[in-house]
Every structure is written in structure tokens, then in C-alpha cells.
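Pasted below: model_9.txt, compact mmCIF, C-alpha atoms and all ligand atoms.
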```txt
# COMPACT_ATOMS: atom_id res chain seq x y z
CA MET S 2 0.00 0.00 0.00
CA VAL S 3 2.78 2.39 1.02
CA SER S 4 4.83 1.60 -2.06
CA ASN S 5 1.76 2.24 -4.25
CA ALA S 6 1.33 5.71 -2.67
CA CYS S 7 5.03 6.41 -3.22
CA PHE S 8 4.73 5.39 -6.83
CA VAL S 9 1.78 7.77 -7.38
CA LEU S 10 3.68 10.61 -5.68
CA ILE S 11 6.77 10.07 -7.85
CA LEU S 12 4.55 9.94 -10.93
CA LEU S 13 2.85 13.21 -9.98
CA LYS S 14 6.15 14.90 -9.27
CA GLY S 15 7.48 13.74 -12.65
CA LEU S 16 4.37 15.05 -14.37
CA ARG S 17 4.75 18.41 -12.64
CA LEU S 18 8.37 18.71 -13.74
CA PHE S 19 7.42 17.73 -17.28
CA LEU S 20 4.64 20.33 -17.39
CA ARG S 21 6.93 22.99 -15.96
CA GLU S 22 9.50 22.28 -18.68
CA GLU S 23 6.76 22.32 -21.29
CA PHE S 24 5.57 25.68 -19.95
CA LYS S 25 9.08 27.04 -20.16
CA VAL S 26 9.50 25.93 -23.75
CA ASN S 27 6.07 27.01 -24.92
CA ARG S 28 5.24 30.10 -22.94
CA GLY S 29 8.29 31.37 -21.16
CA GLU S 30 11.35 33.29 -22.26
CA LYS S 31 10.00 34.32 -25.61
CA ALA S 32 11.91 37.17 -27.19
CA ILE S 33 10.02 40.49 -27.15
CA PHE S 34 10.34 43.42 -29.50
CA ILE S 35 8.55 46.65 -28.54
CA ILE S 36 8.28 49.41 -31.14
CA PHE S 37 7.18 52.66 -29.49
CA ILE S 38 5.95 55.49 -31.73
CA ASP S 39 5.47 58.89 -30.14
CA GLY S 40 2.04 60.33 -30.94
CA LEU S 41 0.20 58.06 -33.36
CA SER S 42 -3.58 58.25 -33.12
CA TYR S 43 -5.72 55.15 -33.41
CA ASP S 44 -8.10 57.04 -35.63
CA LEU S 45 -5.40 57.64 -38.24
CA ALA S 46 -3.92 54.13 -38.01
CA LYS S 47 -7.35 52.54 -38.41
CA ARG S 48 -8.58 54.85 -41.16
CA ARG S 49 -5.45 54.30 -43.22
CA ASN S 50 -5.07 50.66 -42.22
CA LEU S 51 -1.40 51.38 -41.59
CA PHE S 52 -0.37 47.96 -40.30
CA LYS S 53 -2.62 45.81 -42.50
CA ASP S 54 0.18 43.68 -43.99
CA LEU S 55 1.80 42.79 -40.67
CA ASP S 56 -0.66 40.16 -39.42
CA LEU S 57 -0.95 41.63 -35.90
CA SER S 58 -3.92 41.75 -33.52
CA ASP S 59 -5.36 45.25 -33.20
CA LEU S 60 -5.95 45.88 -29.48
CA GLY S 61 -6.97 49.52 -29.93
CA PRO S 62 -8.37 52.02 -29.46
CA ILE S 63 -6.28 52.47 -26.31
CA THR S 64 -7.32 55.24 -23.90
CA PRO S 65 -4.18 57.15 -22.87
CA GLY S 66 -3.49 58.71 -19.49
CA ILE S 67 -4.22 62.39 -18.81
CA GLY S 68 -1.68 65.09 -19.60
CA TYR S 69 1.28 65.08 -21.94
CA SER S 70 3.83 62.45 -23.03
CA VAL S 71 5.82 62.76 -19.85
CA ASN S 72 2.96 61.26 -17.80
CA GLN S 73 1.47 59.10 -20.52
CA LYS S 74 4.77 57.26 -20.97
CA VAL S 75 4.93 56.66 -17.22
CA GLU S 76 1.44 55.10 -17.31
CA LEU S 77 2.48 52.85 -20.19
CA PHE S 78 5.83 51.67 -18.87
CA SER S 79 5.46 52.05 -15.09
CA GLY S 80 1.73 51.56 -14.59
CA LEU S 81 1.65 54.69 -12.41
CA LYS S 82 -0.84 57.52 -12.67
CA PRO S 83 0.30 61.12 -11.91
CA ASP S 84 -0.84 60.87 -8.26
CA GLU S 85 1.35 57.79 -7.83
CA VAL S 86 4.44 59.03 -9.65
CA GLY S 87 4.27 62.44 -7.96
CA PHE S 88 4.25 64.80 -10.96
CA PHE S 89 1.77 66.05 -13.53
CA CYS S 90 3.05 67.78 -16.70
CA GLU S 91 6.66 68.91 -17.03
CA TRP S 92 6.27 71.98 -14.84
CA GLY S 93 4.83 72.14 -11.37
CA LEU S 94 4.56 74.52 -8.45
CA LYS S 95 7.69 74.50 -6.29
CA PRO S 96 7.04 73.05 -2.84
CA SER S 97 8.89 76.03 -1.32
CA PHE S 98 10.31 79.30 -2.63
CA ASN S 99 12.02 82.46 -1.44
CA THR S 100 9.02 84.80 -1.20
CA THR S 101 11.02 88.05 -1.14
CA LYS S 102 13.06 87.08 -4.19
CA VAL S 103 10.05 85.84 -6.13
CA ARG S 104 8.14 89.04 -5.37
CA ARG S 105 11.00 91.31 -6.38
CA TYR S 106 11.25 89.74 -9.86
CA SER S 107 7.52 89.49 -10.06
CA GLY S 108 7.16 93.27 -9.68
CA LEU S 109 9.75 93.95 -12.39
CA LEU S 110 8.41 91.49 -14.95
CA ARG S 111 4.66 91.84 -14.41
CA PRO S 112 4.17 94.68 -16.95
CA ILE S 113 5.34 92.40 -19.79
CA ARG S 114 2.35 90.11 -19.23
CA ASN S 115 -0.07 92.94 -19.79
CA ALA S 116 1.28 93.55 -23.28
CA TYR S 117 -0.05 90.21 -24.63
CA ILE S 118 1.49 90.25 -28.09
CA LEU S 119 4.87 91.45 -26.83
CA ASP S 120 4.74 88.87 -24.05
CA GLY S 121 4.10 86.11 -26.61
CA LEU S 122 6.98 87.23 -28.82
CA ILE S 123 9.41 87.52 -25.93
CA HIS S 124 8.37 84.07 -24.69
CA LYS S 125 9.04 82.64 -28.13
CA MET S 126 12.50 84.22 -28.23
CA VAL S 127 13.46 83.34 -24.66
CA ASN S 128 12.43 79.71 -25.23
CA PHE S 129 15.10 79.34 -27.93
CA TRP S 130 17.76 79.66 -25.22
CA TYR S 131 16.07 79.09 -21.93
CA ASP S 132 13.16 76.75 -21.24
CA THR S 133 10.37 78.77 -19.67
CA ALA S 134 7.44 77.24 -21.55
CA ASN S 135 4.47 79.61 -21.37
CA ILE S 136 4.89 80.47 -17.69
CA PRO S 137 4.25 84.20 -17.16
CA PHE S 138 7.74 85.71 -16.60
CA HIS S 139 6.69 87.32 -13.34
CA LEU S 140 5.56 83.96 -11.95
CA ILE S 141 8.53 81.87 -13.07
CA GLY S 142 10.02 81.85 -9.56
CA TYR S 143 7.08 79.77 -8.32
CA PHE S 144 7.65 76.95 -10.80
CA SER S 145 10.18 74.20 -11.36
CA LYS S 146 10.61 71.64 -14.11
CA ILE S 147 10.78 67.93 -13.32
CA LYS S 148 14.12 66.20 -13.74
CA ASP S 149 14.66 62.78 -15.34
CA GLY S 150 11.04 62.68 -16.49
CA LEU S 151 11.64 60.39 -19.49
CA VAL S 152 10.70 57.03 -18.00
CA TYR S 153 12.65 54.86 -20.46
CA SER S 154 15.83 56.92 -20.28
CA PRO S 155 18.70 54.92 -18.74
CA THR S 156 19.12 57.72 -16.17
CA SER S 157 15.47 57.79 -15.06
CA ARG S 158 14.81 56.91 -11.45
CA ILE S 159 11.13 56.15 -12.01
CA PRO S 160 10.33 52.44 -11.41
CA SER S 161 9.39 50.78 -14.72
CA ILE S 162 9.65 47.61 -16.81
CA PHE S 163 13.09 48.88 -17.83
CA LYS S 164 14.28 48.70 -14.24
CA GLU S 165 12.64 45.33 -13.71
CA TYR S 166 13.79 43.47 -16.84
CA PRO S 167 16.97 43.52 -18.93
CA ILE S 168 15.48 45.32 -21.96
CA GLU S 169 17.95 46.71 -24.48
CA ARG S 170 16.92 50.21 -25.59
CA VAL S 171 17.51 52.03 -28.87
CA LEU S 172 16.10 55.49 -28.36
CA VAL S 173 15.50 58.37 -30.74
CA GLU S 174 16.12 60.59 -27.73
CA GLU S 175 19.68 59.26 -27.81
CA TYR S 176 20.31 58.75 -31.56
CA GLY S 177 18.54 61.91 -32.70
CA GLU S 178 16.85 60.52 -35.85
CA ASP S 179 14.30 57.79 -36.49
CA ASP S 180 16.31 56.48 -39.45
CA ILE S 181 19.32 55.81 -37.24
CA VAL S 182 17.08 54.03 -34.74
CA PHE S 183 15.74 51.77 -37.51
CA GLU S 184 19.27 50.94 -38.68
CA GLU S 185 20.47 50.29 -35.16
CA ALA S 186 17.44 48.09 -34.44
CA LEU S 187 18.24 45.87 -37.45
CA ARG S 188 21.70 45.36 -36.01
CA ARG S 189 20.46 44.52 -32.51
CA ILE S 190 17.59 42.16 -33.39
CA PRO S 191 19.82 39.06 -33.75
CA GLU S 192 21.86 40.04 -30.69
CA VAL S 193 19.33 40.71 -27.92
CA PRO S 194 16.12 38.89 -26.98
CA LEU S 195 14.42 41.87 -25.28
CA LEU S 196 14.50 44.94 -27.48
CA PHE S 197 12.72 48.31 -27.18
CA ILE S 198 12.96 51.11 -29.71
CA SER S 199 11.48 54.59 -29.56
CA ILE S 200 10.80 56.73 -32.61
CA GLY S 201 9.63 60.33 -32.36
CA GLU S 202 9.57 62.19 -35.66
CA LEU S 203 5.89 61.59 -36.46
CA ASP S 204 4.94 63.54 -33.33
CA LEU S 205 7.26 66.40 -34.28
CA TYR S 206 6.06 66.50 -37.89
CA ALA S 207 2.44 66.61 -36.74
CA HIS S 208 3.14 69.58 -34.43
CA HIS S 209 5.16 71.50 -37.02
CA PHE S 210 3.42 70.75 -40.31
CA GLY S 211 -0.01 69.37 -39.41
CA LEU S 212 -1.62 65.97 -39.96
CA GLY S 213 -2.92 66.92 -43.38
CA SER S 214 0.41 68.22 -44.72
CA GLU S 215 2.42 66.59 -47.47
CA LYS S 216 5.50 66.51 -45.24
CA TYR S 217 3.62 64.54 -42.58
CA GLU S 218 2.25 62.17 -45.20
CA VAL S 219 5.72 61.43 -46.62
CA LYS S 220 7.09 60.88 -43.12
CA LEU S 221 4.17 58.62 -42.21
CA VAL S 222 4.54 56.39 -45.28
CA LYS S 223 8.29 56.12 -44.78
CA THR S 224 7.93 55.34 -41.06
CA ILE S 225 5.37 52.58 -41.63
CA GLU S 226 7.58 51.13 -44.38
CA ASN S 227 10.55 51.06 -41.99
CA ILE S 228 8.47 49.43 -39.27
CA ALA S 229 7.23 46.78 -41.72
CA ASN S 230 10.85 46.03 -42.69
CA LEU S 231 11.79 45.63 -39.05
CA VAL S 232 8.83 43.40 -38.26
CA ASN S 233 9.45 41.14 -41.27
CA TYR S 234 13.14 40.85 -40.46
CA TYR S 235 12.35 40.16 -36.80
CA ARG S 236 10.00 37.33 -37.76
CA LYS S 237 12.74 35.73 -39.86
CA ILE S 238 15.30 35.91 -37.05
CA ARG S 239 12.98 35.25 -34.09
CA PRO S 240 9.87 33.49 -35.40
CA GLN S 241 8.69 32.67 -31.86
CA GLY S 242 9.17 36.19 -30.52
CA TYR S 243 6.42 38.61 -29.55
CA ILE S 244 6.05 41.95 -31.32
CA LEU S 245 4.26 44.98 -29.87
CA ILE S 246 3.72 48.28 -31.68
CA LEU S 247 2.40 50.98 -29.42
CA SER S 248 2.12 54.70 -28.83
CA ASP S 249 1.49 57.04 -25.92
CA HIS S 250 -1.27 59.30 -27.26
CA GLY S 251 -3.15 60.42 -30.35
CA MET S 252 -3.10 63.76 -32.15
CA ALA S 253 -5.68 66.40 -33.15
CA GLU S 254 -5.47 69.11 -35.79
CA VAL S 255 -5.33 72.56 -34.14
CA THR S 256 -8.03 74.88 -35.43
CA GLN S 257 -8.01 77.84 -33.03
CA GLY S 258 -5.73 79.63 -30.57
CA ILE S 259 -7.17 80.69 -27.22
CA SER S 260 -5.87 83.28 -24.81
CA LEU S 261 -6.67 83.33 -21.11
CA ASN S 262 -3.94 85.82 -20.34
CA ASN S 263 -6.49 88.10 -18.69
CA MET S 264 -6.56 86.10 -15.43
CA GLU S 265 -4.94 88.93 -13.46
CA LYS S 266 -7.24 91.55 -14.96
CA GLU S 267 -10.18 89.46 -13.77
CA PHE S 268 -8.90 88.39 -10.36
CA GLY S 269 -6.15 90.79 -9.33
CA GLU S 270 -2.42 90.25 -8.93
CA ALA S 271 -1.24 86.68 -8.86
CA SER S 272 0.88 85.71 -5.87
CA GLU S 273 1.28 82.98 -3.27
CA LYS S 274 -1.45 84.77 -1.25
CA THR S 275 -4.05 84.89 -4.02
CA PHE S 276 -3.56 82.52 -6.94
CA ILE S 277 -0.87 81.31 -9.30
CA TYR S 278 -1.63 80.08 -12.79
CA PHE S 279 0.09 78.51 -15.75
CA GLN S 280 -1.27 77.72 -19.21
CA ASP S 281 0.46 74.82 -20.87
CA SER S 282 -0.55 74.02 -24.47
CA THR S 283 -3.96 72.54 -23.74
CA ILE S 284 -4.13 72.48 -19.94
CA MET S 285 -4.33 75.40 -17.54
CA ARG S 286 -3.72 74.83 -13.87
CA VAL S 287 -4.63 77.38 -11.22
CA TRP S 288 -3.46 77.12 -7.62
CA VAL S 289 -5.81 79.20 -5.49
CA PHE S 290 -4.97 80.16 -1.91
CA ASP S 291 -8.15 82.01 -0.99
CA THR S 292 -11.52 80.25 -0.63
CA VAL S 293 -13.68 83.06 -2.01
CA LEU S 294 -11.35 83.53 -4.95
CA TYR S 295 -11.40 79.80 -5.59
CA THR S 296 -15.16 79.80 -6.15
CA GLU S 297 -14.90 82.85 -8.42
CA ILE S 298 -12.09 81.39 -10.53
CA GLU S 299 -13.71 77.98 -10.85
CA ASP S 300 -16.98 79.59 -11.82
CA TYR S 301 -15.25 81.77 -14.41
CA LEU S 302 -13.45 78.79 -15.97
CA GLN S 303 -16.58 76.61 -15.92
CA LYS S 304 -18.35 79.25 -18.00
CA THR S 305 -15.54 79.39 -20.56
CA PRO S 306 -16.91 77.77 -23.72
CA PHE S 307 -13.70 76.24 -25.05
CA GLY S 308 -12.83 73.86 -22.23
CA LYS S 309 -13.82 72.43 -18.91
CA VAL S 310 -12.65 72.14 -15.32
CA LEU S 311 -12.08 68.53 -14.25
CA SER S 312 -14.52 67.52 -11.50
CA PRO S 313 -13.19 65.93 -8.27
CA GLU S 314 -14.59 62.53 -9.39
CA GLU S 315 -12.88 62.84 -12.75
CA ARG S 316 -9.61 63.87 -11.14
CA LYS S 317 -9.71 60.84 -8.90
CA LYS S 318 -10.41 58.50 -11.81
CA LEU S 319 -7.66 60.03 -13.95
CA GLY S 320 -5.17 59.96 -11.08
CA VAL S 321 -4.69 63.73 -10.67
CA SER S 322 -6.55 64.16 -7.41
CA THR S 323 -3.85 65.82 -5.30
CA PRO S 324 -4.28 69.62 -4.88
CA ASP S 325 -0.50 69.91 -5.49
CA PHE S 326 -1.34 69.59 -9.21
CA GLY S 327 -3.59 72.65 -9.04
CA SER S 328 -6.83 73.66 -7.32
CA CYS S 329 -8.40 73.84 -10.80
CA ILE S 330 -7.32 71.77 -13.79
CA PHE S 331 -8.87 73.28 -16.89
CA ILE S 332 -8.57 71.32 -20.11
CA LEU S 333 -9.28 72.64 -23.61
CA LYS S 334 -11.65 71.01 -26.09
CA GLU S 335 -10.15 69.22 -29.10
CA GLY S 336 -8.69 71.59 -31.66
CA TYR S 337 -8.07 74.56 -29.31
CA ILE S 338 -4.65 75.56 -28.06
CA PHE S 339 -3.45 78.20 -25.62
CA ARG S 340 -1.68 81.04 -27.35
CA PRO S 341 1.26 81.32 -27.44
CA SER S 342 2.12 77.65 -27.48
CA PHE S 343 5.60 76.45 -26.82
CA HIS S 344 5.37 73.00 -28.16
CA GLY S 345 8.44 72.96 -30.34
CA LEU S 346 9.93 76.04 -31.88
CA SER S 347 7.63 76.64 -34.82
CA LEU S 348 5.56 79.80 -34.72
CA ARG S 349 2.23 78.02 -34.87
CA THR S 350 1.54 74.52 -33.57
CA LYS S 351 -0.52 72.76 -36.26
CA ALA S 352 -1.54 69.65 -34.33
CA MET S 353 -1.64 68.88 -30.63
CA HIS S 354 -2.36 66.30 -27.97
CA GLY S 355 -2.99 66.64 -24.23
CA TYR S 356 -6.75 66.90 -24.58
CA HIS S 357 -9.13 64.82 -22.50
CA PRO S 358 -8.23 61.10 -22.85
CA GLU S 359 -11.83 60.31 -23.84
CA CYS S 360 -11.58 62.49 -27.01
CA LYS S 361 -11.58 60.30 -30.12
CA SER S 362 -8.44 61.94 -31.52
CA GLN S 363 -6.47 61.13 -28.35
CA LYS S 364 -6.98 57.36 -28.45
CA THR S 365 -3.90 55.50 -29.46
CA ILE S 366 -2.67 52.19 -30.84
CA CYS S 367 -1.45 48.82 -29.66
CA TYR S 368 -0.75 46.04 -32.17
CA PHE S 369 0.33 42.65 -30.86
CA SER S 370 1.65 39.52 -32.54
CA GLY S 371 0.38 37.11 -29.88
CA SER S 372 -3.04 35.94 -28.83
CA LEU S 373 -4.69 37.63 -25.87
CA GLN S 374 -6.90 34.58 -25.39
CA ASP S 375 -3.84 32.35 -24.90
CA LEU S 376 -2.60 34.78 -22.27
CA GLY S 377 -5.81 34.39 -20.31
CA TYR S 378 -7.50 37.68 -21.26
CA ASP S 379 -11.23 38.06 -21.44
CA LEU S 380 -11.87 39.15 -24.99
CA ASN S 381 -15.25 40.58 -24.11
CA ARG S 382 -13.52 43.27 -22.11
CA MET S 383 -11.64 44.90 -24.91
CA LYS S 384 -11.81 48.57 -23.98
CA LEU S 385 -8.17 48.88 -23.03
CA GLU S 386 -6.27 51.70 -21.35
CA SER S 387 -2.56 52.42 -21.13
CA LEU S 388 -2.44 50.60 -17.80
CA ASP S 389 -3.75 47.41 -19.49
CA VAL S 390 -0.98 47.65 -22.09
CA PHE S 391 1.49 47.97 -19.21
CA GLU S 392 0.03 44.82 -17.61
CA LEU S 393 0.26 42.97 -20.92
CA MET S 394 3.95 43.87 -21.27
CA ARG S 395 4.59 42.76 -17.68
CA LYS S 396 2.87 39.47 -18.35
CA LEU S 397 5.05 38.84 -21.41
CA LEU S 398 8.21 39.88 -19.57
CA LYS S 399 7.57 37.91 -16.38
CA PRO S 400 9.55 34.75 -17.33
CA TRP S 401 12.61 36.90 -17.97
CA GLY S 402 12.62 38.35 -14.49
CA LYS S 403 12.64 34.92 -12.89
CA THR S 404 15.20 33.33 -15.18
CA LEU S 405 17.77 36.05 -14.92
CA GLY S 406 17.19 36.74 -11.26
CA ARG S 407 16.97 40.42 -12.12
CA LYS S 408 13.48 41.10 -10.91
CA GLY S 409 13.64 44.57 -9.48
CA LYS S 410 11.74 46.00 -6.60
ZN ZN F 501 4.04 65.85 -28.97
```

Let me see the structure of the file written as C-alpha cells.
Amino acid sequence: MVSNACFVLILLKGLRLFLREEFKVNRGEKAIFIIFIDGLSYDLAKRRNLFKDLDLSDLGPITPGIGYSVNQKVELFSGLKPDEVGFFCEWGLKPSFNTTKVRRYSGLLRPIRNAYILDGLIHKMVNFWYDTANIPFHLIGYFSKIKDGLVYSPTSRIPSIFKEYPIERVLVEEYGEDDIVFEEALRRIPEVPLLFISIGELDLYAHHFGLGSEKYEVKLVKTIENIANLVNYYRKIRPQGYILILSDHGMAEVTQGISLNNMEKEFGEASEKTFIYFQDSTIMRVWVFDTVLYTEIEDYLQKTPFGKVLSPEERKKLGVSTPDFGSCIFILKEGYIFRPSFHGLSLRTKAMHGYHPECKSQKTICYFSGSLQDLGYDLNRMKLESLDVFELMRKLLKPWGKTLGRKGK
């Protein structure tokens, strides 16, 4: 009787080992190639059927995170919303500042703001040499820019899949041109099993020339051709490997410039005792330090026809609930942009992102070579967000963490 039980136990143990090995061969340690395109909208990819010849599952439209690339990339590659990562947009209010110093400069520079056109021109010029975005010059002392915000940069300290797994990176931020990234990727594909590339010129071309321009069209066709080459080559070299093509946000054609530079005419001098404001390209944040003024400012912005103030419920859902990110977060409707805009150096920004993530133009792409069903996903729940794409990548990468003993914290 005892020997029979032993025999069954040994048999079960053997079966377990066999299954584990099978799992490793079939599911684990598959090579992964992630192609990240800055700013490609789902709408455009779908309408033009950009990836039709690549035999990939279309997981889109993907709802991006709120804000600009800097946060949207964090949601994609770290799974953290702004509240969790601790910043929202590139510029934020300093936690502390030298009040006397800030006030002295504020008094000197304030008159520039009142001459709107001159203020815009000076901002444009100053931004060539010194990054001040669209922050009113007299309020610049209250703001600071985040450091190491690019989540996939080797120097970033933000926790991400790049910290957790040994992913080789070929970045346009490092090589300067998409074409060099494509060349470099071809060279690395046979060498490394986990490869990530970033390309960024489509985003730039959209901002500078517009989505309907010939220059954008030429760039788009060429980029998709280069991606197809990479994918086909990858399949030859690593037929078992996974391929993911994804982006951080969509893009909308800009139709009208908006100016809310009259905030101080409406509500008096801005300071740390009253309110401080900053208009980014599509988002205005106002920090209000006076309760009565808060109601007045919120009311004023709510009545503005070209945007809306995010409600507390919405802020919680989008992960921007902390008051550190602004007492009011006002976001423009698709197609509007705050004037002047400092996205890039061109005089007029032709296309923009950073609108509400639920806008159709802001939805983005995710194409995948594997089967979601095989990975245990419920295909009925296909309305995916950036955080789901992050989870998918983590799922694919998991065997690599264990094998190499490099699983980060
Ligand atoms: Zn952009």
C-alpha cells in the first residue's frame, strides 16, 4: 500500500516537472520586440489601415493617461498615474520658494504680461535659449521643471519595466533621428532577446506641419515602411518572438488659438497669497490660496466655452486628485490651443495632444503579434487603457525576471 502511494507521488512529481519544462518551452522566455511610436492616433492608423500587412492583432483604441507624453509614458511603462508618480506635466509649483526674491522679480516682470502680443513674442525668443514654456515671466520663480522625467531613459529613477527586466533600448532621444534608430534596431535584433525602440519624428512633424500636410504624409509612409521592414526581419530571425507596436497618445489638428492671459485683470495680482496660474498648451492649472477667490475662478473657468474644469470625481479616476497639481485643472476642447504655445519652436503649432483622454483623436494604438486569449484575457472586455498595455507587457516579460534573477523592486 505504502509503495503504491510512493509510486503515485513520484509519478505526480514527474508530471509536474514535465509540465513545468513544457511551460518554459512554450510560454516562457520568448523574445520580445517593442516598437514605441510617439504620438500616433488610433483614428489615423485605423482609417489608413497602416499595419494591415503585418498580421498583428489590433488591441486599440487604447485610452491614454491624462496630460502630456511625460505622464502618458509613465502610465504605459510604469503603470503609475500622476498621483502615484508624484508629478503632472513637465512643470509644477515649487514646494517652497524664497518669497522676497520671487516678489522682487515678479514686480519687475509683471508689466510684460499685460502687453499680450509682446509677451508672446518675448516668450518665443526666450524659449530658444532658456526653457520657460508659457509660464508668465513674473511667476517663473514659483515653478520648477521635473528632472529625469523620461521614463525609459537609462538615467530615469522612475520604477518601470526597464528597471525590472533587462530590456535593451535604442532610443531616438539618444540617436537623434528615427532612421538611425531603424538601422540600429536591425543590427540589434539578432543580438538581444528583449528589445525596445522609440521613434519620435511623427509627433514632431504633426506639431510642425499638421496631420494633413504633405510633409507629414511622406514621413508617415516612410515610417510605416521602416516598421514593416523591421517586423518582417524580426519574424525571420525570431519566429517565436512577440512583437508589440504601441504609442502614448493620439493627435488632433489645431483649429483655433485661445488666450486666457487676462486672469490677473479678472482676479487681481497673482501671488502665493491669491492665486498662481500657468497655461500649458492645452491644460491650464490654477493654484488658489483664498476660498472666495477659488469659487470665483472655478466659476469663471466653468463658463468658458472652449474647455472644462475637471470635477473631483474625474480627477480621482484620472489619477490627478492631489491639490498639489492645481486647485483647478482646466482642459481645452479638441482643436483649441493656448496662445502662445511652446510645443516645439515653430511659430504656430498645427496639431496637438494633451486633450481629454476620452476624445476620439487622443486614443492611441497597440498592435500585438500574440493571442490575448492564450494569455488568459477576457476578450469581451476589450476597452483597453494604457495601464492594461502595461500589464500585458509585464505578463510577457515575467519569465525573464525569474530566469535572470533580475526582478527589481
Ligand atoms: Zn508631442

List every residue of chain S that has an atom at most 9 Å from any atom of ligand ZN 501 (chain F), and for each one report the closest atom pair and its distance in Å to one decimal, counting only C-alpha atoms and all ligand atoms, with rows sorted by chain and then by increasing residue number, as CSV.
```
residue,atom,partner,partner_atom,distance
S:Asp39,CA,F:ZN501,ZN,7.2
S:Gly40,CA,F:ZN501,ZN,6.2
S:Tyr69,CA,F:ZN501,ZN,7.6
S:Ser70,CA,F:ZN501,ZN,6.8
S:Gly201,CA,F:ZN501,ZN,8.6
S:Leu203,CA,F:ZN501,ZN,8.8
S:Asp204,CA,F:ZN501,ZN,5.0
S:Leu205,CA,F:ZN501,ZN,6.2
S:Ala207,CA,F:ZN501,ZN,8.0
S:His208,CA,F:ZN501,ZN,6.7
S:His250,CA,F:ZN501,ZN,8.6
S:Met252,CA,F:ZN501,ZN,8.1
S:His344,CA,F:ZN501,ZN,7.3
S:Gly345,CA,F:ZN501,ZN,8.5
S:Ala352,CA,F:ZN501,ZN,8.6
S:Met353,CA,F:ZN501,ZN,6.6
S:His354,CA,F:ZN501,ZN,6.5
S:Gly355,CA,F:ZN501,ZN,8.5
```

Distance query 12 Å from (22.8, 50.5, -31.0) using only C-alpha atoms, result as a list of chain:residue names: S:Glu169, S:Arg170, S:Val171, S:Leu172, S:Val173, S:Glu175, S:Tyr176, S:Ile181, S:Val182, S:Phe183, S:Glu184, S:Glu185, S:Ala186, S:Leu187, S:Arg188, S:Arg189, S:Ile190, S:Glu192, S:Val193, S:Leu196, S:Phe197, S:Ile198

With C-alpha atoms retained, export the selected residues as a short mmCIF file (atom, residue, chain, number, x, y, z; two decimals), keeping the file's coordinate frame.
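Contents of out37.cif, freshly written:
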```cif
data_model
loop_
_atom_site.label_atom_id
_atom_site.label_comp_id
_atom_site.auth_asym_id
_atom_site.auth_seq_id
_atom_site.Cartn_x
_atom_site.Cartn_y
_atom_site.Cartn_z
CA GLU S 169 17.95 46.71 -24.48
CA ARG S 170 16.92 50.21 -25.59
CA VAL S 171 17.51 52.03 -28.87
CA LEU S 172 16.10 55.49 -28.36
CA VAL S 173 15.50 58.37 -30.74
CA GLU S 175 19.68 59.26 -27.81
CA TYR S 176 20.31 58.75 -31.56
CA ILE S 181 19.32 55.81 -37.24
CA VAL S 182 17.08 54.03 -34.74
CA PHE S 183 15.74 51.77 -37.51
CA GLU S 184 19.27 50.94 -38.68
CA GLU S 185 20.47 50.29 -35.16
CA ALA S 186 17.44 48.09 -34.44
CA LEU S 187 18.24 45.87 -37.45
CA ARG S 188 21.70 45.36 -36.01
CA ARG S 189 20.46 44.52 -32.51
CA ILE S 190 17.59 42.16 -33.39
CA GLU S 192 21.86 40.04 -30.69
CA VAL S 193 19.33 40.71 -27.92
CA LEU S 196 14.50 44.94 -27.48
CA PHE S 197 12.72 48.31 -27.18
CA ILE S 198 12.96 51.11 -29.71
#
```

Long-range neighbours of Leu302 in chain S as a ChimeraX atom specification, 9 Å cut-off, all atoms listed in the file, 6 positions minimum in chain: /S:308-310,329,331

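Restricting the calculation to all atoms listed in the file, the smallest distance between Asp249 in chain S and any of S:Arg236, S:Lys74, S:Arg286, S:Lys318 is found for S:Lys74.
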
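A cut-off of 12 Å from the point (-12.6, 64.9, -13.1), with all atoms listed in the file, picks out the residues Ile67, Lys309, Val310, Leu311, Ser312, Pro313, Glu314, Glu315, Arg316, Lys317, Lys318, Leu319, Gly320, Val321, Ser322, Thr323, Ser328, Cys329, Ile330, Phe331, Ile332, His357, Pro358 and Glu359 of chain S.
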
Keeping C-alpha atoms for every residue in the selection just given, could you write it to a file as a CSV table (one decimal), keeping the file's coordinate frame?
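Now in part11.csv:
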```
chain,number,residue,atom,x,y,z
S,67,ILE,CA,-4.2,62.4,-18.8
S,309,LYS,CA,-13.8,72.4,-18.9
S,310,VAL,CA,-12.6,72.1,-15.3
S,311,LEU,CA,-12.1,68.5,-14.2
S,312,SER,CA,-14.5,67.5,-11.5
S,313,PRO,CA,-13.2,65.9,-8.3
S,314,GLU,CA,-14.6,62.5,-9.4
S,315,GLU,CA,-12.9,62.8,-12.8
S,316,ARG,CA,-9.6,63.9,-11.1
S,317,LYS,CA,-9.7,60.8,-8.9
S,318,LYS,CA,-10.4,58.5,-11.8
S,319,LEU,CA,-7.7,60.0,-14.0
S,320,GLY,CA,-5.2,60.0,-11.1
S,321,VAL,CA,-4.7,63.7,-10.7
S,322,SER,CA,-6.6,64.2,-7.4
S,323,THR,CA,-3.8,65.8,-5.3
S,328,SER,CA,-6.8,73.7,-7.3
S,329,CYS,CA,-8.4,73.8,-10.8
S,330,ILE,CA,-7.3,71.8,-13.8
S,331,PHE,CA,-8.9,73.3,-16.9
S,332,ILE,CA,-8.6,71.3,-20.1
S,357,HIS,CA,-9.1,64.8,-22.5
S,358,PRO,CA,-8.2,61.1,-22.8
S,359,GLU,CA,-11.8,60.3,-23.8
```

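Nearest to Leu376 in chain S of all the residues S:Arg349, S:Lys274, S:Lys361, S:Arg395 is S:Arg395, counting all atoms listed in the file.
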
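Of the residues under consideration (S:Leu195, S:Ala271, S:Val255, S:Val390), S:Val255 shows the shortest atom-to-atom contact distance to Leu333 in chain S when counting all atoms listed in the file.
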
Atom pair CA of Ile298 in chain S / CA of Val86 in chain S: separation (Å): 27.8 Å

Nearby residues (all atoms listed in the file) at most 8 Å from Gly150 in chain S, same-chain spacing under 5 positions excluded, as a list of chain:residue names: S:Val71, S:Glu91, S:Ser157, S:Ile159

The selected residues should be written to file as a PDB file, keeping the file's coordinate frame (atoms: C-alpha atoms).
```pdb
ATOM      1  CA  VAL S  71       5.820  62.760 -19.850  1.00  0.00           C
ATOM      2  CA  GLU S  91       6.660  68.910 -17.030  1.00  0.00           C
ATOM      3  CA  SER S 157      15.470  57.790 -15.060  1.00  0.00           C
ATOM      4  CA  ILE S 159      11.130  56.150 -12.010  1.00  0.00           C
TER       5      ILE S 159
END
```

For Asn227 in chain S, the nearest of the candidates S:Pro96, S:Leu51, S:Phe369, S:Pro160, counting only C-alpha atoms: S:Leu51
